[in-house]
>>> print(open('my_file-v6.pdb').read())   # PDB, C-alpha atoms
ATOM      1  CA  MET A1203      24.726  10.610  25.056
ATOM      2  CA  GLU A1204      24.425  13.088  22.176
ATOM      3  CA  THR A1205      26.216  12.071  19.001
ATOM      4  CA  THR A1206      28.195  14.841  17.364
ATOM      5  CA  SER A1207      26.873  15.223  13.840
ATOM      6  CA  LYS A1208      28.816  16.676  10.963
ATOM      7  CA  LEU A1209      26.399  18.381   8.611
ATOM      8  CA  TYR A1210      27.729  20.054   5.490
ATOM      9  CA  SER A1211      26.703  22.444   2.765
ATOM     10  CA  LEU A1212      28.923  21.355  -0.099
ATOM     11  CA  SER A1213      29.340  23.637  -3.115
ATOM     12  CA  PHE A1214      29.145  22.706  -6.780
ATOM     13  CA  GLY A1215      32.895  23.428  -6.965
ATOM     14  CA  ASN A1216      33.675  20.702  -4.434
ATOM     15  CA  VAL A1217      34.430  17.281  -5.918
ATOM     16  CA  ARG A1218      32.897  15.657  -2.822
ATOM     17  CA  THR A1219      29.514  17.046  -3.893
ATOM     18  CA  TYR A1220      29.621  14.901  -7.016
ATOM     19  CA  LEU A1221      31.135  11.875  -5.284
ATOM     20  CA  PHE A1222      28.433  11.812  -2.604
ATOM     21  CA  ALA A1223      25.711  12.559  -5.160
ATOM     22  CA  PHE A1224      26.927   9.635  -7.285
ATOM     23  CA  LEU A1225      26.853   7.274  -4.296
ATOM     24  CA  PHE A1226      23.373   8.387  -3.227
ATOM     25  CA  VAL A1227      22.039   8.107  -6.795
ATOM     26  CA  ILE A1228      23.267   4.503  -6.832
ATOM     27  CA  GLY A1229      21.321   3.979  -3.594
ATOM     28  CA  ASN A1230      18.247   5.565  -5.162
ATOM     29  CA  ILE A1231      18.598   3.189  -8.109
ATOM     30  CA  ALA A1232      19.124   0.017  -6.068
ATOM     31  CA  LEU A1233      16.498   0.636  -3.368
ATOM     32  CA  PRO A1234      13.558   1.117  -5.765
ATOM     33  CA  GLN A1235      14.569  -2.049  -7.637
ATOM     34  CA  LEU A1236      14.346  -3.978  -4.365
ATOM     35  CA  CYS A1237      11.093  -2.320  -3.332
ATOM     36  CA  HIS A1238       9.461  -3.041  -6.685
ATOM     37  CA  LEU A1239       9.780  -6.738  -5.909
ATOM     38  CA  VAL A1240       6.965  -6.148  -3.395
ATOM     39  CA  PRO A1241       3.466  -5.608  -4.864
ATOM     40  CA  ALA A1242       2.793  -1.839  -4.944
ATOM     41  CA  GLY A1243       6.245  -1.403  -3.390
ATOM     42  CA  GLY A1244       6.965   1.848  -5.200
ATOM     43  CA  ALA A1245       3.727   3.588  -4.289
ATOM     44  CA  THR A1246       3.745   2.244  -0.732
ATOM     45  CA  LEU A1247       7.420   2.477   0.246
ATOM     46  CA  LEU A1248       8.374   5.625  -1.769
ATOM     47  CA  PRO A1249      11.974   4.408  -2.188
ATOM     48  CA  ILE A1250      13.112   6.955  -4.777
ATOM     49  CA  TYR A1251      13.148   9.679  -2.113
ATOM     50  CA  PHE A1252      15.107   7.945   0.656
ATOM     51  CA  PHE A1253      18.667   8.756  -0.321
ATOM     52  CA  THR A1254      17.665  12.219  -1.528
ATOM     53  CA  LEU A1255      16.614  12.929   2.054
ATOM     54  CA  ILE A1256      19.909  11.607   3.418
ATOM     55  CA  ALA A1257      22.039  13.454   0.842
ATOM     56  CA  ALA A1258      20.363  16.816   1.366
ATOM     57  CA  TYR A1259      20.175  16.557   5.149
ATOM     58  CA  LYS A1260      23.801  15.484   5.542
ATOM     59  CA  TYR A1261      25.569  17.231   2.651
ATOM     60  CA  GLY A1262      23.340  20.200   1.814
ATOM     61  CA  PHE A1263      21.013  21.392  -0.885
ATOM     62  CA  ARG A1264      23.405  21.147  -3.833
ATOM     63  CA  THR A1265      24.237  17.490  -3.216
ATOM     64  CA  GLY A1266      20.571  16.794  -2.507
ATOM     65  CA  LEU A1267      19.531  18.608  -5.683
ATOM     66  CA  LEU A1268      21.849  16.494  -7.832
ATOM     67  CA  VAL A1269      20.455  13.323  -6.244
ATOM     68  CA  ALA A1270      16.868  14.614  -6.504
ATOM     69  CA  VAL A1271      17.122  15.239 -10.237
ATOM     70  CA  LEU A1272      19.426  12.431 -11.330
ATOM     71  CA  SER A1273      17.771   9.583  -9.399
ATOM     72  CA  PRO A1274      14.340   9.668 -11.078
ATOM     73  CA  VAL A1275      15.788  10.492 -14.507
ATOM     74  CA  VAL A1276      18.396   7.708 -14.425
ATOM     75  CA  ASN A1277      15.827   5.227 -13.064
ATOM     76  CA  HIS A1278      13.423   6.227 -15.827
ATOM     77  CA  LEU A1279      16.080   5.874 -18.538
ATOM     78  CA  LEU A1280      17.369   2.526 -17.249
ATOM     79  CA  PHE A1281      14.163   0.824 -16.098
ATOM     80  CA  GLY A1282      11.205   2.897 -17.298
ATOM     81  CA  MET A1283      10.306   3.530 -13.656
ATOM     82  CA  PRO A1284       9.043   6.002 -12.772
ATOM     83  CA  SER A1285       6.959   6.148 -15.904
ATOM     84  CA  ALA A1286       6.999   9.280 -18.034
ATOM     85  CA  ALA A1287       3.477  10.096 -16.804
ATOM     86  CA  VAL A1288       4.634  10.567 -13.197
ATOM     87  CA  LEU A1289       8.226  11.692 -13.777
ATOM     88  CA  LEU A1290       7.447  15.416 -13.462
ATOM     89  CA  PRO A1291       5.585  15.138 -10.115
ATOM     90  CA  ILE A1292       8.336  12.891  -8.749
ATOM     91  CA  LEU A1293      10.978  15.399  -9.841
ATOM     92  CA  VAL A1294       9.053  18.222  -8.163
ATOM     93  CA  LYS A1295       8.716  16.211  -4.954
ATOM     94  CA  SER A1296      12.387  15.202  -5.069
ATOM     95  CA  VAL A1297      13.571  18.796  -5.474
ATOM     96  CA  ALA A1298      11.173  19.916  -2.739
ATOM     97  CA  LEU A1299      12.585  17.193  -0.480
ATOM     98  CA  ALA A1300      16.156  18.307  -1.191
ATOM     99  CA  GLY A1301      15.245  21.870  -0.243
ATOM    100  CA  ALA A1302      13.210  20.911   2.806
ATOM    101  CA  ALA A1303      15.821  18.457   4.124
ATOM    102  CA  ALA A1304      18.703  20.900   3.639
ATOM    103  CA  TRP A1305      16.729  23.665   5.338
ATOM    104  CA  ALA A1306      15.641  21.384   8.207
ATOM    105  CA  SER A1307      19.223  20.258   8.736
ATOM    106  CA  HIS A1308      20.500  23.827   8.743
ATOM    107  CA  TYR A1309      17.738  24.953  11.084
ATOM    108  CA  ALA A1310      18.123  22.048  13.522
ATOM    109  CA  GLY A1311      21.909  21.940  13.349
ATOM    110  CA  LYS A1312      21.846  18.255  14.265
ATOM    111  CA  VAL A1313      20.154  15.016  13.308
ATOM    112  CA  SER A1314      16.651  15.491  14.670
ATOM    113  CA  LEU A1315      13.511  13.382  14.395
ATOM    114  CA  ALA A1316      11.396  16.538  14.389
ATOM    115  CA  ALA A1317      13.436  18.168  11.615
ATOM    116  CA  ILE A1318      13.330  15.036   9.452
ATOM    117  CA  LEU A1319       9.569  14.751   9.974
ATOM    118  CA  MET A1320       9.130  18.383   8.925
ATOM    119  CA  ALA A1321      11.179  17.768   5.764
ATOM    120  CA  VAL A1322       9.096  14.703   4.857
ATOM    121  CA  LEU A1323       5.783  16.466   5.500
ATOM    122  CA  CYS A1324       6.936  19.577   3.638
ATOM    123  CA  TYR A1325       7.894  17.795   0.424
ATOM    124  CA  GLN A1326       4.710  15.750   0.552
ATOM    125  CA  ALA A1327       2.613  18.906   0.971
ATOM    126  CA  VAL A1328       4.385  20.644  -1.925
ATOM    127  CA  GLY A1329       3.971  17.536  -4.068
ATOM    128  CA  THR A1330       0.311  17.193  -3.183
ATOM    129  CA  VAL A1331      -0.432  20.800  -4.164
ATOM    130  CA  PHE A1332       1.563  20.404  -7.392
ATOM    131  CA  GLU A1333      -0.262  17.195  -8.358
ATOM    132  CA  CYS A1334      -3.633  18.700  -7.489
ATOM    133  CA  VAL A1335      -2.941  21.645  -9.808
ATOM    134  CA  LEU A1336      -1.375  19.449 -12.510
ATOM    135  CA  TYR A1337      -4.051  16.752 -12.597
ATOM    136  CA  GLY A1338      -7.022  18.584 -11.131
ATOM    137  CA  ASP A1339      -7.734  15.515  -9.015
ATOM    138  CA  PHE A1340      -7.447  15.836  -5.245
ATOM    139  CA  PHE A1341      -7.696  12.086  -4.581
ATOM    140  CA  LEU A1342      -4.878  11.331  -7.018
ATOM    141  CA  ALA A1343      -2.836  14.146  -5.468
ATOM    142  CA  VAL A1344      -3.102  12.713  -1.950
ATOM    143  CA  GLN A1345      -2.112   9.204  -3.067
ATOM    144  CA  ASP A1346       1.179   9.325  -1.114
ATOM    145  CA  PHE A1347      -0.767  10.195   2.029
ATOM    146  CA  ARG A1348      -3.239   7.382   1.331
ATOM    147  CA  MET A1349      -0.786   4.683   0.276
ATOM    148  CA  GLY A1350       2.659   5.971   1.163
ATOM    149  CA  ILE A1351       2.450   6.154   4.949
ATOM    150  CA  PRO A1352       4.827   3.170   5.315
ATOM    151  CA  GLY A1353       7.318   4.886   3.010
ATOM    152  CA  MET A1354       7.087   8.166   4.892
ATOM    153  CA  LEU A1355       7.647   6.314   8.165
ATOM    154  CA  ILE A1356      10.691   4.589   6.648
ATOM    155  CA  GLN A1357      12.000   7.971   5.516
ATOM    156  CA  TRP A1358      11.393   9.457   8.951
ATOM    157  CA  PHE A1359      12.747   6.716  11.217
ATOM    158  CA  GLY A1360      15.052   4.997   8.725
ATOM    159  CA  GLY A1361      16.457   8.341   7.642
ATOM    160  CA  TYR A1362      17.056   9.277  11.255
ATOM    161  CA  ALA A1363      18.775   5.946  11.963
ATOM    162  CA  LEU A1364      21.012   6.174   8.880
ATOM    163  CA  LEU A1365      21.886   9.810   9.547
ATOM    164  CA  LYS A1366      22.798   8.920  13.133
ATOM    165  CA  ALA A1367      24.882   5.992  11.877
ATOM    166  CA  ILE A1368      26.873   8.239   9.526
ATOM    167  CA  ALA A1369      26.899  11.214  11.878
ATOM    168  CA  ARG A1370      30.673  11.456  12.208
ATOM    169  CA  ILE A1371      31.505  11.003   8.534
TER     170      ILE A1371
END
>>> encode(input="my_file-v6.pdb", output="structure tokens")
Amino acid sequence: METTSKLYSLSFGNVRTYLFAFLFVIGNIALPQLCHLVPAGGATLLPIYFFTLIAAYKYGFRTGLLVAVLSPVVNHLLFGMPSAAVLLPILVKSVALAGAAAWASHYAGKVSLAAILMAVLCYQAVGTVFECVLYGDFFLAVQDFRMGIPGMLIQWFGGYALLKAIARI
């Protein structure tokens, strides 16, 4: 049975944009704190991106963009993680994820494993190119593909499961 999914594109003039962004930023603050209890949890599980994916896929680019920018900055200011050295690449990846997830959602018109996978691969590709240009080091740039496979799988399948669970909201 197909679940009816409500997907939105909230505007900056809509108070719900800020309410949902606030809630997803809290998720993107709490989840990394939990994941950092595991050795190499941040680099392996990529938790700072999870709720950005959900926010952008479900509520559109503007909500996703707020979550994408605020989550790493607030985490950095509160906990020093991500460190200043990697804040810019994480911001670029987060914004790319917000754009890719919102576009994938709009294109698919429903919660779709294929669309979520494309969003995850797209932001990772953009981030890899950005890091390669920024650092001039291909092996550093592909770190998420070397270490972050578990995190990308969590984003893909966990994101799908959560989006299905909140499909009617």
>>> atom_distance(input="my_file-v6.pdb", atom1="CA of Asp1346 in chain A", atom2="CA of Leu1248 in chain A")
8.1 Å
>>> closest_atom_pairs(input="my_file-v6.pdb", of="range 1269-1369 of chain A", to="range 1208-1221 of chain A", cutoff="10 Å", atoms="all atoms listed in the file", output="tab-separated table")
residue	atom	partner	partner_atom	distance
A:Val1269	CA	A:Tyr1220	CA	9.3
A:Ala1304	CA	A:Ser1211	CA	8.2
A:Ser1307	CA	A:Leu1209	CA	7.4
A:His1308	CA	A:Leu1209	CA	8.0
A:Gly1311	CA	A:Leu1209	CA	7.4
A:Lys1312	CA	A:Leu1209	CA	7.3
A:Val1313	CA	A:Leu1209	CA	8.5
A:Leu1365	CA	A:Leu1209	CA	9.7
A:Ile1368	CA	A:Lys1208	CA	8.8
A:Ala1369	CA	A:Lys1208	CA	5.9
>>> write_last_selection(input="my_file-v6.pdb", atoms="C-alpha atoms", output="mmCIF file, in the coordinates of the input")
data_model
loop_
_atom_site.group_PDB
_atom_site.id
_atom_site.type_symbol
_atom_site.label_atom_id
_atom_site.label_comp_id
_atom_site.auth_asym_id
_atom_site.auth_seq_id
_atom_site.Cartn_x
_atom_site.Cartn_y
_atom_site.Cartn_z
ATOM 1 C CA VAL A 1269 20.455 13.323 -6.244
ATOM 2 C CA ALA A 1304 18.703 20.900 3.639
ATOM 3 C CA SER A 1307 19.223 20.258 8.736
ATOM 4 C CA HIS A 1308 20.500 23.827 8.743
ATOM 5 C CA GLY A 1311 21.909 21.940 13.349
ATOM 6 C CA LYS A 1312 21.846 18.255 14.265
ATOM 7 C CA VAL A 1313 20.154 15.016 13.308
ATOM 8 C CA LEU A 1365 21.886 9.810 9.547
ATOM 9 C CA ILE A 1368 26.873 8.239 9.526
ATOM 10 C CA ALA A 1369 26.899 11.214 11.878
#
>>> closest_atom_pairs(input="my_file-v6.pdb", of="range 1218-1300 of chain A", to="range 1337-1345 of chain A", cutoff="10 Å", atoms="all atoms listed in the file", output="CSV")
residue,atom,partner,partner_atom,distance
A:Ala1245,CA,A:Gln1345,CA,8.2
A:Thr1246,CA,A:Gln1345,CA,9.4
A:Pro1291,CA,A:Ala1343,CA,9.7
>>> write_last_selection(input="my_file-v6.pdb", atoms="C-alpha atoms", output="mmCIF file, in the coordinates of the input")
data_model
loop_
_atom_site.group_PDB
_atom_site.id
_atom_site.type_symbol
_atom_site.label_atom_id
_atom_site.label_comp_id
_atom_site.auth_asym_id
_atom_site.auth_seq_id
_atom_site.Cartn_x
_atom_site.Cartn_y
_atom_site.Cartn_z
ATOM 1 C CA ALA A 1245 3.727 3.588 -4.289
ATOM 2 C CA THR A 1246 3.745 2.244 -0.732
ATOM 3 C CA PRO A 1291 5.585 15.138 -10.115
#
>>> residues_around(input="my_file-v6.pdb", residues="range 1280-1288 of chain A", least_positions_apart="4", cutoff="9 Å", atoms="only C-alpha atoms", output="JSON, numbers by chain")
{"A": [1234, 1235, 1244, 1274, 1275, 1276, 1292, 1293]}
>>> write_last_selection(input="my_file-v6.pdb", atoms="C-alpha atoms", output="PDB file, in the coordinates of the input")
ATOM      1  CA  PRO A1234      13.558   1.117  -5.765  1.00  0.00           C
ATOM      2  CA  GLN A1235      14.569  -2.049  -7.637  1.00  0.00           C
ATOM      3  CA  GLY A1244       6.965   1.848  -5.200  1.00  0.00           C
ATOM      4  CA  PRO A1274      14.340   9.668 -11.078  1.00  0.00           C
ATOM      5  CA  VAL A1275      15.788  10.492 -14.507  1.00  0.00           C
ATOM      6  CA  VAL A1276      18.396   7.708 -14.425  1.00  0.00           C
ATOM      7  CA  ILE A1292       8.336  12.891  -8.749  1.00  0.00           C
ATOM      8  CA  LEU A1293      10.978  15.399  -9.841  1.00  0.00           C
TER       9      LEU A1293
END
>>> resolve_selection(input="my_file-v6.pdb", expression="the PyMOL selection byres ((chain A and resi 1355) around 12)", output="ChimeraX atom specification")
/A:1246-1249,1252,1315,1318-1319,1322-1323,1346-1347,1349-1354,1356-1363
>>> atom_distance(input="my_file-v6.pdb", atom1="CA of Arg1370 in chain A", atom2="CA of Phe1222 in chain A")
15.0 Å
>>> closest_residue(input="my_file-v6.pdb", among="A:Ala1316, A:Ile1231, A:Leu1290, A:Leu1299", to="Phe1332 in chain A", atoms="only C-alpha atoms")
A:Leu1290
>>> decode(input="my_file-v6.pdb", residues="range 1297-1332 of chain A", atoms="C-alpha atoms", output="PDB file, in the first residue's frame")
ATOM      1  CA  VAL A1297      23.887  23.468   1.497  1.00  0.00           C
ATOM      2  CA  ALA A1298      24.431  21.071  -1.408  1.00  0.00           C
ATOM      3  CA  LEU A1299      22.419  18.440   0.473  1.00  0.00           C
ATOM      4  CA  ALA A1300      19.582  20.903   1.095  1.00  0.00           C
ATOM      5  CA  GLY A1301      19.455  21.711  -2.614  1.00  0.00           C
ATOM      6  CA  ALA A1302      19.784  18.117  -3.766  1.00  0.00           C
ATOM      7  CA  ALA A1303      17.183  16.795  -1.303  1.00  0.00           C
ATOM      8  CA  ALA A1304      14.663  19.526  -2.136  1.00  0.00           C
ATOM      9  CA  TRP A1305      15.165  18.945  -5.855  1.00  0.00           C
ATOM     10  CA  ALA A1306      14.933  15.146  -5.486  1.00  0.00           C
ATOM     11  CA  SER A1307      11.737  15.488  -3.475  1.00  0.00           C
ATOM     12  CA  HIS A1308      10.207  17.837  -6.027  1.00  0.00           C
ATOM     13  CA  TYR A1309      11.261  15.607  -8.908  1.00  0.00           C
ATOM     14  CA  ALA A1310      10.059  12.361  -7.312  1.00  0.00           C
ATOM     15  CA  GLY A1311       6.918  13.851  -5.801  1.00  0.00           C
ATOM     16  CA  LYS A1312       6.958  11.190  -3.092  1.00  0.00           C
ATOM     17  CA  VAL A1313       9.279   9.586  -0.581  1.00  0.00           C
ATOM     18  CA  SER A1314      11.538   7.486  -2.781  1.00  0.00           C
ATOM     19  CA  LEU A1315      14.620   5.414  -2.014  1.00  0.00           C
ATOM     20  CA  ALA A1316      16.052   6.289  -5.422  1.00  0.00           C
ATOM     21  CA  ALA A1317      15.500  10.027  -4.944  1.00  0.00           C
ATOM     22  CA  ILE A1318      17.056   9.994  -1.468  1.00  0.00           C
ATOM     23  CA  LEU A1319      20.049   8.040  -2.781  1.00  0.00           C
ATOM     24  CA  MET A1320      20.512  10.588  -5.571  1.00  0.00           C
ATOM     25  CA  ALA A1321      20.418  13.446  -3.042  1.00  0.00           C
ATOM     26  CA  VAL A1322      23.029  11.749  -0.836  1.00  0.00           C
ATOM     27  CA  LEU A1323      25.329  10.946  -3.762  1.00  0.00           C
ATOM     28  CA  CYS A1324      24.900  14.436  -5.216  1.00  0.00           C
ATOM     29  CA  TYR A1325      25.909  16.314  -2.073  1.00  0.00           C
ATOM     30  CA  GLN A1326      28.820  13.951  -1.538  1.00  0.00           C
ATOM     31  CA  ALA A1327      30.022  14.506  -5.112  1.00  0.00           C
ATOM     32  CA  VAL A1328      29.748  18.296  -4.771  1.00  0.00           C
ATOM     33  CA  GLY A1329      31.554  18.144  -1.434  1.00  0.00           C
ATOM     34  CA  THR A1330      34.286  15.920  -2.808  1.00  0.00           C
ATOM     35  CA  VAL A1331      34.978  18.289  -5.713  1.00  0.00           C
ATOM     36  CA  PHE A1332      34.938  21.292  -3.361  1.00  0.00           C
TER      37      PHE A1332
END
